[in-house]
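Okay, target.txt is below, compact mmCIF, N, CA and C atoms:
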# COMPACT_ATOMS: atom_id res chain seq x y z
N VAL A 145 3.04 -8.77 -12.05
CA VAL A 145 4.24 -8.75 -11.23
C VAL A 145 4.19 -9.92 -10.27
N THR A 146 5.36 -10.35 -9.81
CA THR A 146 5.47 -11.46 -8.89
C THR A 146 6.09 -10.99 -7.58
N VAL A 147 5.56 -11.48 -6.48
CA VAL A 147 6.08 -11.19 -5.15
C VAL A 147 6.39 -12.52 -4.49
N ILE A 148 7.55 -12.62 -3.85
CA ILE A 148 7.87 -13.84 -3.10
C ILE A 148 8.25 -13.47 -1.68
N GLY A 149 7.99 -14.37 -0.74
CA GLY A 149 8.32 -14.09 0.66
C GLY A 149 8.03 -15.28 1.56
N TRP A 150 8.50 -15.14 2.80
CA TRP A 150 8.35 -16.17 3.82
C TRP A 150 7.32 -15.78 4.86
N GLY A 151 6.46 -14.81 4.55
CA GLY A 151 5.54 -14.26 5.54
C GLY A 151 4.47 -15.24 6.02
N ILE A 152 3.67 -14.74 6.94
CA ILE A 152 2.57 -15.52 7.50
C ILE A 152 1.75 -16.09 6.36
N ASP A 153 1.44 -17.39 6.45
CA ASP A 153 0.67 -18.00 5.36
C ASP A 153 -0.73 -18.42 5.79
N THR A 154 -1.22 -17.83 6.89
CA THR A 154 -2.56 -18.11 7.37
C THR A 154 -3.28 -16.80 7.57
N GLU A 155 -4.43 -16.63 6.92
CA GLU A 155 -5.20 -15.40 7.06
C GLU A 155 -5.65 -15.20 8.50
N GLY A 156 -5.57 -13.96 8.94
CA GLY A 156 -6.04 -13.61 10.27
C GLY A 156 -5.13 -14.09 11.38
N SER A 157 -3.91 -14.44 11.10
CA SER A 157 -2.98 -14.90 12.14
C SER A 157 -2.79 -13.83 13.20
N ASP A 158 -2.67 -14.26 14.42
CA ASP A 158 -2.45 -13.38 15.55
C ASP A 158 -0.96 -13.04 15.62
N PHE A 159 -0.64 -11.75 15.71
CA PHE A 159 0.76 -11.33 15.74
C PHE A 159 1.52 -11.92 16.90
N ASP A 160 0.83 -12.23 17.99
CA ASP A 160 1.52 -12.78 19.16
C ASP A 160 1.86 -14.25 18.99
N ASP A 161 1.18 -14.89 18.09
CA ASP A 161 1.38 -16.33 17.94
C ASP A 161 1.28 -16.71 16.46
N PHE A 162 2.27 -16.26 15.70
CA PHE A 162 2.24 -16.61 14.28
C PHE A 162 3.54 -17.29 13.90
N SER A 163 3.46 -18.04 12.83
CA SER A 163 4.68 -18.66 12.32
C SER A 163 4.81 -18.32 10.84
N LEU A 164 6.04 -18.19 10.42
CA LEU A 164 6.31 -17.90 9.03
C LEU A 164 6.14 -19.15 8.19
N ALA A 165 5.99 -18.97 6.91
CA ALA A 165 5.80 -20.09 6.00
C ALA A 165 7.01 -21.02 6.02
N ASP A 166 6.77 -22.29 5.86
CA ASP A 166 7.85 -23.29 5.76
C ASP A 166 8.42 -23.34 4.35
N VAL A 167 7.63 -22.91 3.39
CA VAL A 167 8.00 -22.95 1.98
C VAL A 167 7.89 -21.53 1.43
N LEU A 168 8.86 -21.13 0.63
CA LEU A 168 8.84 -19.81 0.03
C LEU A 168 7.54 -19.64 -0.76
N GLN A 169 6.81 -18.56 -0.46
CA GLN A 169 5.52 -18.30 -1.10
C GLN A 169 5.69 -17.40 -2.32
N GLU A 170 4.85 -17.59 -3.31
CA GLU A 170 4.89 -16.77 -4.53
C GLU A 170 3.48 -16.30 -4.84
N LEU A 171 3.34 -14.99 -5.09
CA LEU A 171 2.05 -14.41 -5.44
C LEU A 171 2.15 -13.67 -6.75
N GLU A 172 1.10 -13.76 -7.55
CA GLU A 172 1.02 -12.99 -8.79
C GLU A 172 0.08 -11.82 -8.56
N TYR A 173 0.58 -10.63 -8.73
CA TYR A 173 -0.18 -9.40 -8.52
C TYR A 173 -0.27 -8.61 -9.81
N GLU A 174 -1.04 -7.54 -9.72
CA GLU A 174 -1.09 -6.53 -10.78
C GLU A 174 -0.67 -5.21 -10.17
N ILE A 175 -0.14 -4.33 -11.01
CA ILE A 175 0.11 -2.96 -10.55
C ILE A 175 -1.27 -2.32 -10.41
N ALA A 176 -1.53 -1.73 -9.25
CA ALA A 176 -2.84 -1.18 -8.96
C ALA A 176 -2.99 0.24 -9.53
N ASN A 177 -4.22 0.66 -9.67
CA ASN A 177 -4.52 2.03 -10.04
C ASN A 177 -4.02 2.95 -8.92
N GLU A 178 -3.13 3.88 -9.27
CA GLU A 178 -2.49 4.71 -8.24
C GLU A 178 -3.49 5.55 -7.46
N ASP A 179 -4.48 6.14 -8.12
CA ASP A 179 -5.46 6.97 -7.41
C ASP A 179 -6.30 6.15 -6.44
N GLU A 180 -6.74 4.94 -6.86
CA GLU A 180 -7.50 4.07 -5.96
C GLU A 180 -6.65 3.67 -4.76
N CYS A 181 -5.40 3.36 -5.03
CA CYS A 181 -4.49 2.94 -3.97
C CYS A 181 -4.27 4.06 -2.95
N LYS A 182 -4.00 5.26 -3.43
CA LYS A 182 -3.79 6.40 -2.52
C LYS A 182 -5.03 6.64 -1.67
N GLN A 183 -6.21 6.60 -2.29
CA GLN A 183 -7.45 6.83 -1.54
C GLN A 183 -7.67 5.74 -0.49
N TYR A 184 -7.39 4.49 -0.85
CA TYR A 184 -7.54 3.38 0.08
C TYR A 184 -6.67 3.59 1.33
N TRP A 185 -5.39 3.88 1.12
CA TRP A 185 -4.49 4.02 2.26
C TRP A 185 -4.76 5.28 3.05
N LEU A 186 -5.22 6.35 2.41
CA LEU A 186 -5.59 7.56 3.14
C LEU A 186 -6.76 7.27 4.08
N GLU A 187 -7.76 6.54 3.58
CA GLU A 187 -8.89 6.15 4.43
C GLU A 187 -8.43 5.22 5.55
N ASP A 188 -7.52 4.30 5.24
CA ASP A 188 -7.01 3.38 6.26
C ASP A 188 -6.31 4.15 7.38
N TYR A 189 -5.51 5.14 7.03
CA TYR A 189 -4.83 5.96 8.05
C TYR A 189 -5.83 6.69 8.91
N LYS A 190 -6.89 7.19 8.30
CA LYS A 190 -7.89 7.96 9.06
C LYS A 190 -8.64 7.10 10.06
N THR A 191 -8.78 5.81 9.77
CA THR A 191 -9.57 4.93 10.64
C THR A 191 -8.72 4.04 11.53
N MET A 192 -7.39 4.23 11.53
CA MET A 192 -6.51 3.38 12.34
C MET A 192 -6.84 3.50 13.82
N GLU A 193 -6.85 2.35 14.49
CA GLU A 193 -7.12 2.32 15.92
C GLU A 193 -5.84 2.56 16.71
N GLY A 194 -5.98 3.04 17.91
CA GLY A 194 -4.85 3.16 18.82
C GLY A 194 -3.99 4.39 18.60
N GLY A 195 -4.45 5.32 17.80
CA GLY A 195 -3.71 6.56 17.61
C GLY A 195 -2.34 6.39 17.02
N GLN A 196 -2.14 5.38 16.18
CA GLN A 196 -0.83 5.14 15.61
C GLN A 196 -0.38 6.26 14.69
N VAL A 197 -1.32 6.92 14.04
CA VAL A 197 -0.99 7.99 13.13
C VAL A 197 -1.81 9.21 13.52
N ASP A 198 -1.12 10.30 13.86
CA ASP A 198 -1.83 11.50 14.28
C ASP A 198 -1.71 12.63 13.26
N TYR A 199 -1.51 12.28 12.01
CA TYR A 199 -1.42 13.25 10.93
C TYR A 199 -2.03 12.65 9.68
N GLU A 200 -2.33 13.50 8.73
CA GLU A 200 -2.82 12.99 7.45
C GLU A 200 -1.63 12.90 6.50
N PRO A 201 -1.26 11.71 6.11
CA PRO A 201 -0.07 11.56 5.26
C PRO A 201 -0.28 12.18 3.88
N ASN A 202 0.79 12.64 3.29
CA ASN A 202 0.74 13.15 1.93
C ASN A 202 0.91 11.97 0.99
N MET A 203 -0.21 11.45 0.51
CA MET A 203 -0.18 10.24 -0.30
C MET A 203 0.52 10.46 -1.64
N ASP A 204 0.55 11.70 -2.14
CA ASP A 204 1.28 11.95 -3.39
C ASP A 204 2.78 11.75 -3.18
N GLU A 205 3.30 12.21 -2.03
CA GLU A 205 4.72 12.00 -1.72
C GLU A 205 5.02 10.52 -1.53
N ILE A 206 4.13 9.82 -0.83
CA ILE A 206 4.33 8.38 -0.61
C ILE A 206 4.33 7.65 -1.94
N ALA A 207 3.38 7.99 -2.83
CA ALA A 207 3.25 7.32 -4.13
C ALA A 207 4.49 7.52 -5.00
N GLU A 208 5.18 8.63 -4.80
CA GLU A 208 6.38 8.91 -5.60
C GLU A 208 7.47 7.86 -5.37
N PHE A 209 7.53 7.29 -4.19
CA PHE A 209 8.59 6.37 -3.80
C PHE A 209 8.14 4.91 -3.77
N THR A 210 6.88 4.65 -4.11
CA THR A 210 6.34 3.31 -3.93
C THR A 210 5.71 2.74 -5.20
N ILE A 211 5.48 1.44 -5.14
CA ILE A 211 4.70 0.72 -6.15
C ILE A 211 3.53 0.11 -5.41
N CYS A 212 2.34 0.30 -5.93
CA CYS A 212 1.15 -0.25 -5.30
C CYS A 212 0.68 -1.44 -6.13
N THR A 213 0.51 -2.58 -5.46
CA THR A 213 0.08 -3.80 -6.15
C THR A 213 -1.21 -4.32 -5.52
N ILE A 214 -1.87 -5.19 -6.27
CA ILE A 214 -3.11 -5.78 -5.77
C ILE A 214 -3.25 -7.19 -6.35
N ASP A 215 -3.83 -8.09 -5.56
CA ASP A 215 -4.13 -9.44 -6.04
C ASP A 215 -5.57 -9.41 -6.55
N PRO A 216 -5.76 -9.42 -7.86
CA PRO A 216 -7.12 -9.32 -8.39
C PRO A 216 -8.02 -10.50 -7.98
N ALA A 217 -7.42 -11.65 -7.71
CA ALA A 217 -8.20 -12.82 -7.30
C ALA A 217 -8.49 -12.80 -5.80
N ARG A 218 -7.85 -11.91 -5.07
CA ARG A 218 -8.02 -11.79 -3.61
C ARG A 218 -7.79 -13.11 -2.89
N LYS A 219 -6.72 -13.82 -3.30
CA LYS A 219 -6.36 -15.09 -2.67
C LYS A 219 -5.40 -14.88 -1.51
N ALA A 220 -4.50 -13.90 -1.65
CA ALA A 220 -3.46 -13.73 -0.64
C ALA A 220 -2.92 -12.31 -0.71
N THR A 221 -2.15 -11.96 0.30
CA THR A 221 -1.57 -10.63 0.37
C THR A 221 -0.18 -10.71 0.98
N ALA A 222 0.70 -9.83 0.54
CA ALA A 222 2.01 -9.73 1.19
C ALA A 222 1.76 -9.08 2.54
N PHE A 223 2.30 -9.68 3.60
CA PHE A 223 2.00 -9.17 4.93
C PHE A 223 3.18 -9.45 5.86
N ALA A 224 2.91 -9.66 7.12
CA ALA A 224 3.95 -9.82 8.14
C ALA A 224 4.94 -10.92 7.74
N GLY A 225 6.22 -10.57 7.74
CA GLY A 225 7.27 -11.51 7.38
C GLY A 225 7.69 -11.43 5.92
N ASP A 226 6.91 -10.73 5.11
CA ASP A 226 7.24 -10.60 3.69
C ASP A 226 8.05 -9.35 3.38
N SER A 227 8.08 -8.41 4.30
CA SER A 227 8.77 -7.13 4.06
C SER A 227 10.22 -7.34 3.65
N GLY A 228 10.63 -6.58 2.65
CA GLY A 228 11.98 -6.68 2.12
C GLY A 228 12.12 -7.67 0.98
N GLY A 229 11.09 -8.48 0.77
CA GLY A 229 11.11 -9.44 -0.33
C GLY A 229 10.97 -8.74 -1.67
N PRO A 230 11.40 -9.40 -2.73
CA PRO A 230 11.39 -8.76 -4.04
C PRO A 230 10.02 -8.71 -4.71
N ILE A 231 9.81 -7.65 -5.47
CA ILE A 231 8.69 -7.53 -6.40
C ILE A 231 9.35 -7.45 -7.76
N PHE A 232 9.02 -8.38 -8.65
CA PHE A 232 9.72 -8.40 -9.94
C PHE A 232 8.79 -8.75 -11.08
N VAL A 233 9.26 -8.47 -12.27
CA VAL A 233 8.56 -8.85 -13.49
C VAL A 233 9.46 -9.79 -14.27
N LYS A 234 8.85 -10.66 -15.04
CA LYS A 234 9.61 -11.59 -15.87
C LYS A 234 9.30 -11.29 -17.33
N ASN A 235 10.36 -11.16 -18.11
CA ASN A 235 10.23 -10.93 -19.54
C ASN A 235 11.09 -11.99 -20.22
N GLY A 236 10.46 -13.03 -20.73
CA GLY A 236 11.22 -14.15 -21.28
C GLY A 236 11.95 -14.85 -20.15
N GLU A 237 13.27 -14.93 -20.27
CA GLU A 237 14.09 -15.55 -19.22
C GLU A 237 14.74 -14.51 -18.31
N THR A 238 14.34 -13.25 -18.46
CA THR A 238 14.94 -12.17 -17.67
C THR A 238 14.00 -11.73 -16.56
N PHE A 239 14.53 -11.67 -15.34
CA PHE A 239 13.78 -11.19 -14.20
C PHE A 239 14.28 -9.79 -13.87
N THR A 240 13.38 -8.85 -13.69
CA THR A 240 13.75 -7.48 -13.33
C THR A 240 13.05 -7.10 -12.04
N GLN A 241 13.84 -6.78 -11.03
CA GLN A 241 13.26 -6.37 -9.77
C GLN A 241 12.80 -4.93 -9.89
N ILE A 242 11.54 -4.68 -9.54
CA ILE A 242 10.99 -3.33 -9.61
C ILE A 242 10.68 -2.76 -8.24
N GLY A 243 10.67 -3.63 -7.22
CA GLY A 243 10.32 -3.13 -5.89
C GLY A 243 10.71 -4.08 -4.78
N LEU A 244 10.47 -3.61 -3.56
CA LEU A 244 10.66 -4.40 -2.34
C LEU A 244 9.38 -4.30 -1.53
N VAL A 245 8.88 -5.43 -1.03
CA VAL A 245 7.66 -5.42 -0.22
C VAL A 245 7.86 -4.53 0.99
N SER A 246 6.88 -3.69 1.26
CA SER A 246 6.97 -2.80 2.41
C SER A 246 5.81 -3.05 3.38
N TRP A 247 4.60 -2.70 3.00
CA TRP A 247 3.47 -2.95 3.89
C TRP A 247 2.25 -3.33 3.08
N GLY A 248 1.27 -3.94 3.80
CA GLY A 248 0.06 -4.37 3.11
C GLY A 248 -1.08 -4.57 4.07
N GLN A 249 -2.15 -5.08 3.55
CA GLN A 249 -3.39 -5.31 4.28
C GLN A 249 -3.51 -6.81 4.52
N SER A 250 -3.96 -7.20 5.70
CA SER A 250 -4.03 -8.62 6.02
C SER A 250 -5.30 -9.30 5.54
N ASN A 251 -6.35 -8.56 5.26
CA ASN A 251 -7.63 -9.15 4.89
C ASN A 251 -7.71 -9.35 3.38
N THR A 252 -7.66 -10.59 2.93
CA THR A 252 -7.70 -10.87 1.50
C THR A 252 -9.11 -10.78 0.93
N GLN A 253 -10.13 -10.72 1.78
CA GLN A 253 -11.50 -10.65 1.29
C GLN A 253 -11.84 -9.26 0.77
N GLU A 254 -11.13 -8.24 1.28
CA GLU A 254 -11.33 -6.88 0.82
C GLU A 254 -10.41 -6.62 -0.37
N LYS A 255 -10.62 -5.49 -1.00
CA LYS A 255 -9.71 -5.06 -2.06
C LYS A 255 -8.44 -4.59 -1.35
N ALA A 256 -7.47 -5.46 -1.24
CA ALA A 256 -6.28 -5.20 -0.42
C ALA A 256 -5.11 -4.74 -1.28
N PHE A 257 -4.69 -3.52 -1.03
CA PHE A 257 -3.54 -2.96 -1.74
C PHE A 257 -2.27 -3.21 -0.94
N ASN A 258 -1.19 -3.53 -1.63
CA ASN A 258 0.11 -3.76 -1.00
C ASN A 258 1.09 -2.73 -1.51
N MET A 259 1.91 -2.20 -0.62
CA MET A 259 2.86 -1.16 -0.99
C MET A 259 4.27 -1.71 -0.97
N GLY A 260 5.04 -1.30 -1.96
CA GLY A 260 6.44 -1.69 -2.03
C GLY A 260 7.30 -0.50 -2.38
N ALA A 261 8.54 -0.52 -1.95
CA ALA A 261 9.47 0.55 -2.33
C ALA A 261 9.78 0.40 -3.82
N ASN A 262 9.74 1.50 -4.54
CA ASN A 262 10.03 1.52 -5.97
C ASN A 262 11.55 1.59 -6.15
N VAL A 263 12.18 0.49 -6.54
CA VAL A 263 13.65 0.47 -6.62
C VAL A 263 14.17 1.41 -7.71
N PHE A 264 13.36 1.71 -8.72
CA PHE A 264 13.82 2.64 -9.76
C PHE A 264 14.12 4.01 -9.16
N HIS A 265 13.34 4.39 -8.14
CA HIS A 265 13.56 5.68 -7.49
C HIS A 265 14.95 5.74 -6.83
N TYR A 266 15.48 4.58 -6.45
CA TYR A 266 16.76 4.51 -5.76
C TYR A 266 17.87 4.00 -6.68
N LYS A 267 17.62 3.99 -7.98
CA LYS A 267 18.56 3.44 -8.96
C LYS A 267 19.96 4.04 -8.85
N ASP A 268 20.08 5.34 -8.77
CA ASP A 268 21.40 5.99 -8.68
C ASP A 268 22.14 5.54 -7.42
N TRP A 269 21.43 5.48 -6.30
CA TRP A 269 22.05 5.06 -5.05
C TRP A 269 22.50 3.60 -5.14
N ILE A 270 21.66 2.75 -5.73
CA ILE A 270 22.00 1.33 -5.87
C ILE A 270 23.25 1.17 -6.73
N GLU A 271 23.29 1.88 -7.87
CA GLU A 271 24.45 1.78 -8.75
C GLU A 271 25.71 2.28 -8.05
N SER A 272 25.60 3.35 -7.27
CA SER A 272 26.75 3.86 -6.52
C SER A 272 27.23 2.84 -5.48
N ALA A 273 26.28 2.21 -4.79
CA ALA A 273 26.64 1.21 -3.78
C ALA A 273 27.29 -0.01 -4.43
N MET A 274 26.79 -0.41 -5.58
CA MET A 274 27.38 -1.56 -6.29
C MET A 274 28.80 -1.23 -6.74
N LYS A 275 29.03 -0.01 -7.19
CA LYS A 275 30.38 0.40 -7.61
C LYS A 275 31.33 0.39 -6.41
N ARG A 276 30.86 0.90 -5.26
CA ARG A 276 31.68 0.90 -4.05
C ARG A 276 31.99 -0.53 -3.60
N ALA A 277 31.06 -1.45 -3.84
CA ALA A 277 31.26 -2.84 -3.43
C ALA A 277 32.42 -3.49 -4.19
N ASP A 278 32.69 -2.97 -5.38
CA ASP A 278 33.81 -3.49 -6.17
C ASP A 278 35.16 -2.95 -5.70
N GLU A 279 35.12 -1.91 -4.89
CA GLU A 279 36.37 -1.30 -4.42
C GLU A 279 36.77 -1.92 -3.09
N GLU A 280 38.02 -2.29 -2.96
CA GLU A 280 38.51 -2.94 -1.74
C GLU A 280 38.28 -2.07 -0.51
N SER A 281 38.45 -0.76 -0.63
CA SER A 281 38.34 0.13 0.52
C SER A 281 36.93 0.11 1.11
N TRP A 282 35.95 -0.19 0.28
CA TRP A 282 34.58 -0.22 0.76
C TRP A 282 34.39 -1.33 1.80
N LEU A 283 35.18 -2.40 1.68
CA LEU A 283 35.04 -3.54 2.58
C LEU A 283 35.78 -3.38 3.90
N GLU A 284 36.65 -2.37 3.99
CA GLU A 284 37.38 -2.15 5.23
C GLU A 284 36.46 -1.58 6.28
N LEU A 285 36.61 -2.04 7.50
CA LEU A 285 35.79 -1.56 8.60
C LEU A 285 36.64 -0.74 9.55
N ASP A 286 36.11 0.37 9.99
CA ASP A 286 36.80 1.18 10.99
C ASP A 286 36.18 0.83 12.35
N THR A 287 36.91 0.09 13.15
CA THR A 287 36.39 -0.33 14.46
C THR A 287 36.64 0.71 15.54
N GLY A 288 37.38 1.75 15.19
CA GLY A 288 37.65 2.80 16.17
C GLY A 288 38.80 2.47 17.12
N GLY A 289 39.30 1.27 17.04
CA GLY A 289 40.40 0.86 17.93
C GLY A 289 41.75 1.19 17.31
N SER A 290 42.79 1.04 18.09
CA SER A 290 44.12 1.29 17.56
C SER A 290 44.66 -0.03 17.00
N GLY A 291 45.17 0.06 15.75
CA GLY A 291 45.65 -1.05 14.98
C GLY A 291 46.45 -2.04 15.65

Represent the structure from my file as structure tokens, please.
Amino acid sequence: VTVIGWGIDTEGSDFDDFSLADVLQELEYEIANEDECKQYWLEDYKTMEGGQVDYEPNMDEIAEFTICTIDPARKATAFAGDSGGPIFVKNGETFTQIGLVSWGQSNTQEKAFNMGANVFHYKDWIESAMKRADEESWLELDTGGSG
């Protein structure tokens, strides 16, 4: 799978002083083993500093809506600034988007799993929104004011 984004292009960048990439970045990933991915993120939640998470997430529920990817070469990771970017596969000359970058791990030296929203899970909603986009009434805005 391929991921593209404008995120931080320097490992270990400080969130207070980072800059996004000047050139669109492209990464080649693999779909990760779902059980390994769930275990990795469950352990990450348990060890998070600063009390950001005070519950044990249901990783089975999270996995239902996500795609977990990994860079087998451990060269780079989707991270800050990449969220919302596409995750897609190429088959011949056809590109198929399968996900959207959501969250990931900043350390490329570790086995870093990246999570993306699984667009197939939202297929019906996407098709409905696309159909509404073709209708003129969908484009009208109600400003609440009197005409």

Atom-to-atom span, atom N of A:Gly228 and atom C of A:Gly243, Å: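 Pair atom N of A:Gly228 / atom C of A:Gly243 returns 7.8 Å.
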
For atom CA of A:Asn262 and atom N of A:Thr146, the interatomic separation in Å (one decimal):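 About the pair atom CA of A:Asn262 and atom N of A:Thr146: they are 13.3 Å apart.
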
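Here atom N of A:Asn258 stands at a distance of 16.7 Å from atom CA of A:Trp150.
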
From A:Val145, A:Val263, A:Ala224, A:Val233, residue lying nearest A:Tyr173 [only C-alpha atoms]: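 Result for the nearest residue to A:Tyr173: A:Val145.
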
A:Ile148 environment, 10 Å, only C-alpha atoms, sequence neighbours closer than 2 positions dropped, as JSON, numbers by chain: {"A": [146, 150, 151, 168, 169, 170, 171, 172, 222, 226, 227, 228, 229, 230, 231, 232, 244, 245]}

Residue with smallest distance to A:Glu208 - pool A:Leu186, A:Ala261, A:Met274, A:Ile242, counting all atoms listed in the file: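 Distance minimum relative to A:Glu208 lands on A:Ala261.
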
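For the choices A:Ser163, A:Val147, A:Trp185, A:Thr210, the atom-to-atom distance to A:Tyr266 is smallest for A:Thr210 when using only C-alpha atoms.
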